[in-house]
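Text of target_33.pdb, listed as PDB, C-alpha atoms:
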MODEL        1
ATOM      1  CA  GLN A   1       7.457  -4.211 -20.504  1.00  0.00           C
ATOM      2  CA  THR A   2       5.860  -4.449 -17.053  1.00  0.00           C
ATOM      3  CA  LYS A   3       6.990  -0.947 -16.097  1.00  0.00           C
ATOM      4  CA  HIS A   4       5.693   0.396 -19.424  1.00  0.00           C
ATOM      5  CA  LEU A   5       2.283  -1.206 -18.783  1.00  0.00           C
ATOM      6  CA  LEU A   6       2.086   0.277 -15.285  1.00  0.00           C
ATOM      7  CA  SER A   7       3.140   3.752 -16.476  1.00  0.00           C
ATOM      8  CA  SER A   8       0.566   3.648 -19.284  1.00  0.00           C
ATOM      9  CA  THR A   9      -2.166   2.645 -16.822  1.00  0.00           C
ATOM     10  CA  ARG A  10      -1.265   5.531 -14.538  1.00  0.00           C
ATOM     11  CA  LYS A  11      -1.469   7.965 -17.451  1.00  0.00           C
ATOM     12  CA  ALA A  12      -4.788   6.443 -18.514  1.00  0.00           C
ATOM     13  CA  PHE A  13      -6.308   7.284 -15.127  1.00  0.00           C
ATOM     14  CA  LEU A  14      -5.254  10.918 -15.540  1.00  0.00           C
ATOM     15  CA  VAL A  15      -6.931  11.050 -18.942  1.00  0.00           C
ATOM     16  CA  SER A  16     -10.030   9.166 -17.765  1.00  0.00           C
ATOM     17  CA  LYS A  17     -10.879  11.784 -15.126  1.00  0.00           C
ATOM     18  CA  VAL A  18     -13.016  13.500 -17.742  1.00  0.00           C
ATOM     19  CA  CYS A  19     -14.965  10.269 -18.217  1.00  0.00           C
ATOM     20  CA  HIS A  20     -15.883   8.246 -15.136  1.00  0.00           C
ATOM     21  CA  ARG A  21     -16.985   5.318 -17.333  1.00  0.00           C
ATOM     22  CA  GLU A  22     -13.454   4.876 -18.699  1.00  0.00           C
ATOM     23  CA  SER A  23     -12.094   4.873 -15.152  1.00  0.00           C
ATOM     24  CA  GLU A  24     -14.467   2.063 -14.215  1.00  0.00           C
ATOM     25  CA  SER A  25     -13.313   0.100 -17.275  1.00  0.00           C
ATOM     26  CA  LEU A  26      -9.726   0.281 -16.035  1.00  0.00           C
ATOM     27  CA  GLN A  27     -10.871  -1.002 -12.648  1.00  0.00           C
ATOM     28  CA  ARG A  28     -12.351  -4.093 -14.318  1.00  0.00           C
ATOM     29  CA  VAL A  29      -8.841  -5.130 -15.365  1.00  0.00           C
ATOM     30  CA  LEU A  30      -8.436  -6.504 -11.841  1.00  0.00           C
ATOM     31  CA  SER A  31     -11.207  -9.041 -12.470  1.00  0.00           C
ATOM     32  CA  CYS A  32      -9.497 -10.449 -15.570  1.00  0.00           C
ATOM     33  CA  GLY A  33      -7.785 -13.665 -14.515  1.00  0.00           C
ATOM     34  CA  ASN A  34      -5.417 -13.833 -17.506  1.00  0.00           C
ATOM     35  CA  ILE A  35      -4.050 -10.349 -16.854  1.00  0.00           C
ATOM     36  CA  ILE A  36      -3.542 -10.997 -13.135  1.00  0.00           C
ATOM     37  CA  GLU A  37      -1.857 -14.328 -13.874  1.00  0.00           C
ATOM     38  CA  SER A  38       0.501 -12.708 -16.395  1.00  0.00           C
ATOM     39  CA  LEU A  39       1.410  -9.922 -13.985  1.00  0.00           C
ATOM     40  CA  SER A  40       1.970 -12.409 -11.169  1.00  0.00           C
ATOM     41  CA  THR A  41       4.348 -14.447 -13.319  1.00  0.00           C
ATOM     42  CA  ALA A  42       6.229 -11.326 -14.414  1.00  0.00           C
ATOM     43  CA  TYR A  43       6.686 -10.224 -10.799  1.00  0.00           C
ATOM     44  CA  GLN A  44       7.859 -13.676  -9.701  1.00  0.00           C
ATOM     45  CA  ILE A  45      10.740 -13.628 -12.192  1.00  0.00           C
ATOM     46  CA  CYS A  46      11.420  -9.911 -11.852  1.00  0.00           C
ATOM     47  CA  PRO A  47      15.157  -9.050 -11.529  1.00  0.00           C
ATOM     48  CA  SER A  48      16.214  -7.357  -8.288  1.00  0.00           C
ATOM     49  CA  GLY A  49      16.916  -4.063 -10.045  1.00  0.00           C
ATOM     50  CA  GLN A  50      13.365  -3.894 -11.370  1.00  0.00           C
ATOM     51  CA  ILE A  51      11.865  -4.733  -7.973  1.00  0.00           C
ATOM     52  CA  HIS A  52      13.242  -1.459  -6.623  1.00  0.00           C
ATOM     53  CA  GLU A  53      11.975   0.480  -9.636  1.00  0.00           C
ATOM     54  CA  ILE A  54       8.457  -0.983  -9.553  1.00  0.00           C
ATOM     55  CA  TRP A  55       8.192  -0.624  -5.769  1.00  0.00           C
ATOM     56  CA  GLU A  56       9.131   3.058  -5.984  1.00  0.00           C
ATOM     57  CA  PHE A  57       6.563   3.490  -8.769  1.00  0.00           C
ATOM     58  CA  PHE A  58       3.686   2.129  -6.661  1.00  0.00           C
ATOM     59  CA  ASP A  59       4.777   4.016  -3.548  1.00  0.00           C
ATOM     60  CA  ALA A  60       4.886   7.319  -5.433  1.00  0.00           C
ATOM     61  CA  TRP A  61       1.550   6.666  -7.169  1.00  0.00           C
ATOM     62  CA  THR A  62      -0.196   5.858  -3.881  1.00  0.00           C
ATOM     63  CA  LEU A  63       1.146   9.021  -2.257  1.00  0.00           C
ATOM     64  CA  GLU A  64       0.118  11.159  -5.224  1.00  0.00           C
ATOM     65  CA  ILE A  65      -3.488   9.914  -5.225  1.00  0.00           C
ATOM     66  CA  THR A  66      -3.847  10.250  -1.453  1.00  0.00           C
ATOM     67  CA  ARG A  67      -2.540  13.808  -1.347  1.00  0.00           C
ATOM     68  CA  ARG A  68      -4.661  14.786  -4.330  1.00  0.00           C
ATOM     69  CA  GLY A  69      -7.868  13.151  -3.123  1.00  0.00           C
ATOM     70  CA  GLY A  70      -8.586  15.031   0.078  1.00  0.00           C
ATOM     71  CA  THR A  71      -8.468  13.894   3.665  1.00  0.00           C
ATOM     72  CA  THR A  72     -11.897  14.205   5.233  1.00  0.00           C
ATOM     73  CA  ASN A  73     -15.524  13.302   4.690  1.00  0.00           C
ATOM     74  CA  ASP A  74     -16.394  16.928   3.928  1.00  0.00           C
ATOM     75  CA  ASP A  75     -19.276  17.051   1.418  1.00  0.00           C
ATOM     76  CA  ALA A  76     -17.552  19.850  -0.489  1.00  0.00           C
ATOM     77  CA  ALA A  77     -14.709  17.492  -1.284  1.00  0.00           C
ATOM     78  CA  GLY A  78     -17.023  14.644  -2.269  1.00  0.00           C
ATOM     79  CA  SER A  79     -16.523  14.930  -6.018  1.00  0.00           C
ATOM     80  CA  ASN A  80     -12.748  15.000  -5.724  1.00  0.00           C
ATOM     81  CA  GLU A  81     -12.818  11.981  -3.408  1.00  0.00           C
ATOM     82  CA  ARG A  82     -15.010   9.972  -5.796  1.00  0.00           C
ATOM     83  CA  ASP A  83     -12.594  10.701  -8.634  1.00  0.00           C
ATOM     84  CA  SER A  84      -9.697   9.450  -6.531  1.00  0.00           C
ATOM     85  CA  SER A  85     -11.344   6.417  -4.908  1.00  0.00           C
ATOM     86  CA  THR A  86     -11.412   4.243  -8.053  1.00  0.00           C
ATOM     87  CA  GLU A  87      -7.823   5.096  -8.952  1.00  0.00           C
ATOM     88  CA  LEU A  88      -6.639   4.545  -5.379  1.00  0.00           C
ATOM     89  CA  SER A  89      -8.352   1.168  -5.146  1.00  0.00           C
ATOM     90  CA  PHE A  90      -6.784   0.103  -8.440  1.00  0.00           C
ATOM     91  CA  CYS A  91      -3.327   1.319  -7.448  1.00  0.00           C
ATOM     92  CA  VAL A  92      -3.353  -0.369  -4.038  1.00  0.00           C
ATOM     93  CA  GLN A  93      -4.685  -3.648  -5.425  1.00  0.00           C
ATOM     94  CA  MET A  94      -1.998  -3.633  -8.125  1.00  0.00           C
ATOM     95  CA  PHE A  95       0.613  -2.844  -5.465  1.00  0.00           C
ATOM     96  CA  ILE A  96      -0.634  -5.812  -3.420  1.00  0.00           C
ATOM     97  CA  ILE A  97      -0.457  -8.146  -6.437  1.00  0.00           C
ATOM     98  CA  PHE A  98       3.161  -7.077  -6.815  1.00  0.00           C
ATOM     99  CA  ILE A  99       3.947  -7.571  -3.107  1.00  0.00           C
ATOM    100  CA  ARG A 100       2.287 -10.991  -3.023  1.00  0.00           C
ATOM    101  CA  ASN A 101       4.332 -12.276  -5.941  1.00  0.00           C
ATOM    102  CA  VAL A 102       7.789 -10.865  -5.241  1.00  0.00           C
ATOM    103  CA  ARG A 103      10.041 -13.748  -4.252  1.00  0.00           C
ATOM    104  CA  THR A 104      12.275 -13.018  -1.282  1.00  0.00           C
ATOM    105  CA  ASN A 105      15.692 -14.635  -0.950  1.00  0.00           C
ATOM    106  CA  LYS A 106      19.071 -14.081   0.692  1.00  0.00           C
ATOM    107  CA  GLN A 107      20.132 -11.663  -2.019  1.00  0.00           C
ATOM    108  CA  ASN A 108      17.155  -9.281  -1.911  1.00  0.00           C
ATOM    109  CA  SER A 109      15.841  -9.735   1.660  1.00  0.00           C
ATOM    110  CA  THR A 110      17.576  -6.729   3.229  1.00  0.00           C
ATOM    111  CA  GLU A 111      16.508  -4.445   0.398  1.00  0.00           C
ATOM    112  CA  ILE A 112      12.883  -5.630   0.496  1.00  0.00           C
ATOM    113  CA  ARG A 113      12.774  -5.234   4.266  1.00  0.00           C
ATOM    114  CA  THR A 114      13.913  -1.617   3.803  1.00  0.00           C
ATOM    115  CA  PHE A 115      11.299  -1.023   1.085  1.00  0.00           C
ATOM    116  CA  SER A 116       8.551  -2.355   3.373  1.00  0.00           C
ATOM    117  CA  GLU A 117       9.538  -0.057   6.232  1.00  0.00           C
ATOM    118  CA  LYS A 118       9.765   2.940   3.910  1.00  0.00           C
ATOM    119  CA  THR A 119       6.288   2.314   2.490  1.00  0.00           C
ATOM    120  CA  MET A 120       4.841   1.838   5.971  1.00  0.00           C
ATOM    121  CA  ALA A 121       6.248   5.231   6.964  1.00  0.00           C
ATOM    122  CA  SER A 122       5.127   6.936   3.743  1.00  0.00           C
ATOM    123  CA  SER A 123       2.150   5.499   1.834  1.00  0.00           C
ATOM    124  CA  VAL A 124       0.449   3.682   4.719  1.00  0.00           C
ATOM    125  CA  ALA A 125       0.963   6.548   7.160  1.00  0.00           C
ATOM    126  CA  THR A 126      -0.439   9.018   4.602  1.00  0.00           C
ATOM    127  CA  LEU A 127      -3.450   6.818   3.847  1.00  0.00           C
ATOM    128  CA  LEU A 128      -4.211   6.472   7.557  1.00  0.00           C
ATOM    129  CA  GLY A 129      -3.689  10.160   8.212  1.00  0.00           C
ATOM    130  CA  ASN A 130      -0.306  10.378   9.987  1.00  0.00           C
ATOM    131  CA  ASP A 131      -2.235  10.789  13.227  1.00  0.00           C
ATOM    132  CA  ILE A 132      -3.265   7.992  15.595  1.00  0.00           C
ATOM    133  CA  SER A 133      -5.725  10.106  17.595  1.00  0.00           C
ATOM    134  CA  ILE A 134      -9.372   8.994  17.728  1.00  0.00           C
ATOM    135  CA  GLU A 135     -10.461  12.432  16.452  1.00  0.00           C
ATOM    136  CA  SER A 136      -8.299  12.077  13.357  1.00  0.00           C
ATOM    137  CA  ILE A 137      -9.451   8.515  12.696  1.00  0.00           C
ATOM    138  CA  SER A 138     -13.134   9.465  12.875  1.00  0.00           C
ATOM    139  CA  ALA A 139     -12.601  12.291  10.358  1.00  0.00           C
ATOM    140  CA  ARG A 140     -10.649  10.175   7.864  1.00  0.00           C
ATOM    141  CA  CYS A 141     -12.199   9.077   4.557  1.00  0.00           C
ATOM    142  CA  ASP A 142     -13.419   5.496   4.845  1.00  0.00           C
ATOM    143  CA  TYR A 143     -11.832   4.377   1.588  1.00  0.00           C
ATOM    144  CA  PHE A 144      -8.448   5.806   2.634  1.00  0.00           C
ATOM    145  CA  LEU A 145      -8.641   3.756   5.834  1.00  0.00           C
ATOM    146  CA  ARG A 146      -9.640   0.558   4.046  1.00  0.00           C
ATOM    147  CA  GLN A 147      -6.876   0.813   1.473  1.00  0.00           C
ATOM    148  CA  GLY A 148      -4.291   1.794   4.085  1.00  0.00           C
ATOM    149  CA  LEU A 149      -5.057  -1.156   6.336  1.00  0.00           C
ATOM    150  CA  ASN A 150      -5.190  -3.540   3.369  1.00  0.00           C
ATOM    151  CA  LEU A 151      -1.767  -2.411   2.149  1.00  0.00           C
ATOM    152  CA  CYS A 152      -0.429  -2.548   5.710  1.00  0.00           C
ATOM    153  CA  GLY A 153      -1.390  -6.221   6.051  1.00  0.00           C
ATOM    154  CA  TRP A 154       0.478  -7.260   2.917  1.00  0.00           C
ATOM    155  CA  LEU A 155       3.522  -5.208   3.904  1.00  0.00           C
ATOM    156  CA  VAL A 156       3.643  -7.246   7.115  1.00  0.00           C
ATOM    157  CA  ASP A 157       3.529 -10.400   4.969  1.00  0.00           C
ATOM    158  CA  ILE A 158       6.460  -9.491   2.721  1.00  0.00           C
ATOM    159  CA  HIS A 159       8.430  -7.929   5.595  1.00  0.00           C
ATOM    160  CA  THR A 160       8.131 -11.220   7.496  1.00  0.00           C
ATOM    161  CA  ARG A 161       9.236 -13.196   4.441  1.00  0.00           C
ATOM    162  CA  ALA A 162      12.242 -10.899   4.016  1.00  0.00           C
ATOM    163  CA  CYS A 163      13.219 -11.129   7.695  1.00  0.00           C
ATOM    164  CA  PHE A 164      13.245 -14.927   7.416  1.00  0.00           C
ATOM    165  CA  TRP A 165      16.283 -14.743   5.114  1.00  0.00           C
ATOM    166  CA  ILE A 166      18.317 -12.199   7.079  1.00  0.00           C
ATOM    167  CA  GLU A 167      20.968 -13.815   9.237  1.00  0.00           C
ATOM    168  CA  ASN A 168      21.577 -12.770  12.841  1.00  0.00           C
ATOM    169  CA  LEU A 169      18.289 -10.858  12.942  1.00  0.00           C
ATOM    170  CA  HIS A 170      16.640 -10.522  16.344  1.00  0.00           C
ATOM    171  CA  VAL A 171      13.070 -11.132  15.233  1.00  0.00           C
ATOM    172  CA  SER A 172      11.349  -9.733  18.331  1.00  0.00           C
ATOM    173  CA  TYR A 173      13.057  -6.375  17.795  1.00  0.00           C
ATOM    174  CA  HIS A 174      13.720  -6.140  14.064  1.00  0.00           C
ATOM    175  CA  GLY A 175      10.884  -8.335  12.814  1.00  0.00           C
ATOM    176  CA  SER A 176       7.324  -7.397  11.904  1.00  0.00           C
ATOM    177  CA  TYR A 177       6.527  -6.140  15.406  1.00  0.00           C
ATOM    178  CA  SER A 178       8.966  -3.300  14.774  1.00  0.00           C
ATOM    179  CA  LEU A 179       7.322  -2.645  11.396  1.00  0.00           C
ATOM    180  CA  LEU A 180       3.998  -2.010  13.150  1.00  0.00           C
ATOM    181  CA  SER A 181       5.293  -0.137  16.183  1.00  0.00           C
ATOM    182  CA  GLN A 182       6.824   3.282  16.714  1.00  0.00           C
ATOM    183  CA  ASP A 183      10.463   2.484  15.939  1.00  0.00           C
ATOM    184  CA  SER A 184      11.813   0.399  13.055  1.00  0.00           C
ATOM    185  CA  SER A 185      15.566   0.200  12.466  1.00  0.00           C
ATOM    186  CA  GLU A 186      16.874   3.760  12.301  1.00  0.00           C
ATOM    187  CA  ASN A 187      13.558   5.131  11.012  1.00  0.00           C
ATOM    188  CA  LYS A 188      10.637   6.623  12.884  1.00  0.00           C
ATOM    189  CA  ASN A 189       7.690   4.531  11.795  1.00  0.00           C
ATOM    190  CA  PHE A 190       3.962   5.144  11.913  1.00  0.00           C
ATOM    191  CA  ASP A 191       2.640   3.376  15.029  1.00  0.00           C
ATOM    192  CA  VAL A 192       0.066   1.067  13.441  1.00  0.00           C
ATOM    193  CA  LEU A 193      -0.513  -0.941  16.611  1.00  0.00           C
ATOM    194  CA  ALA A 194      -1.501   2.168  18.568  1.00  0.00           C
ATOM    195  CA  TYR A 195      -3.623   3.275  15.610  1.00  0.00           C
ATOM    196  CA  LEU A 196      -5.526  -0.029  15.553  1.00  0.00           C
ATOM    197  CA  GLN A 197      -6.060   0.134  19.305  1.00  0.00           C
ATOM    198  CA  ASN A 198      -7.678   3.551  18.901  1.00  0.00           C
ATOM    199  CA  VAL A 199      -9.866   2.206  16.081  1.00  0.00           C
ATOM    200  CA  VAL A 200     -11.106  -0.531  18.431  1.00  0.00           C
ATOM    201  CA  ASP A 201     -11.709   1.992  21.232  1.00  0.00           C
ATOM    202  CA  MET A 202     -13.641   4.243  18.846  1.00  0.00           C
ATOM    203  CA  VAL A 203     -15.859   1.380  17.649  1.00  0.00           C
ATOM    204  CA  LEU A 204     -16.545   0.175  21.193  1.00  0.00           C
ATOM    205  CA  ALA A 205     -17.559   3.684  22.194  1.00  0.00           C
ATOM    206  CA  SER A 206     -19.845   4.223  19.202  1.00  0.00           C
ATOM    207  CA  ASP A 207     -23.633   4.008  19.249  1.00  0.00           C
ATOM    208  CA  HIS A 208     -23.520   1.236  16.604  1.00  0.00           C
ATOM    209  CA  TYR A 209     -21.658  -1.238  18.824  1.00  0.00           C
TER     210      TYR A 209
ENDMDL
END
Mind turning the file's structure into structure tokens?
Amino acid sequence: QTKHLLSSTRKAFLVSKVCHRESESLQRVLSCGNIIESLSTAYQICPSGQIHEIWEFFDAWTLEITRRGGTTNDDAAGSNERDSSTELSFCVQMFIIFIRNVRTNKQNSTEIRTFSEKTMASSVATLLGNDISIESISARCDYFLRQGLNLCGWLVDIHTRACFWIENLHVSYHGSYSLLSQDSSENKNFDVLAYLQNVVDMVLASDHY
């Protein structure tokens, strides 16, 4: 039932592109306490097999919106970006509700750790631009950056919770530091720490600081 609800919501955003008002109505779902509480409960008791399925759903949806929505603050792309911003915000917030409520344990910890690293290298890297240079950061759409950093923070949370359950894990190397740095397990991860350092350098060098 949860997967059906999520799939229907995704389809509704595609239909609502012809009517911005309907898209805003979907966004208001996130302010409905009863709906959020029901989703949270469903995620907390979600079987391991469904965790994988739902995680893949959100990862794919985030990537689709980001690639469709444009990558810069170019005025010519403004309309397309506005159409994507509401859907992206909804998708990421729903993804975060899922991440916050998934219960990690000895049985699913290794799998969830792998999911977190995959999403960091795919959705988060795409949202942040796959480029840690100051030039790339300054050209990136603000709402892409906000959603990417928000999702990144909650991935660190669930990755840390998963690592807690994994036996014989060297935390300083395989823990959340590795999730944020260049190398994570066998995968080449997006270097979020270097990215954040360049964000700080850019702000310090700006006229507004």
Inset, instruction - Please write the residues picked by the PyMOL selection byres ((chain A and resi 55) around 12) on this file as a ChimeraX atom specification. - result: /A:3,6,43,46,48-54,56-62,91-92,94-99,102,111-116,118-119,123,155
Legend entry - Exercise: A:Arg161 partners within 8 Å, all atoms listed in the file, chain neighbours under 4 positions left out, as a count of residues only: 4
Inset, instruction - Let me know the residues the PyMOL selection byres ((chain A and resi 126) around 10) catches in the file above, as a PyMOL selection string. - result: chain A and resi 62-63+66-67+71+119-125+127-131+144-145+148+190
Inset, instruction - Quick one: pull the distance between atom CA of A:Phe164 and atom CA of A:Asn105, Å, one decimal. - result: 8.7 Å
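Distance-wise, atom CA of A:Ser85 and atom CA of A:Ser38 end up 25.3 Å apart.
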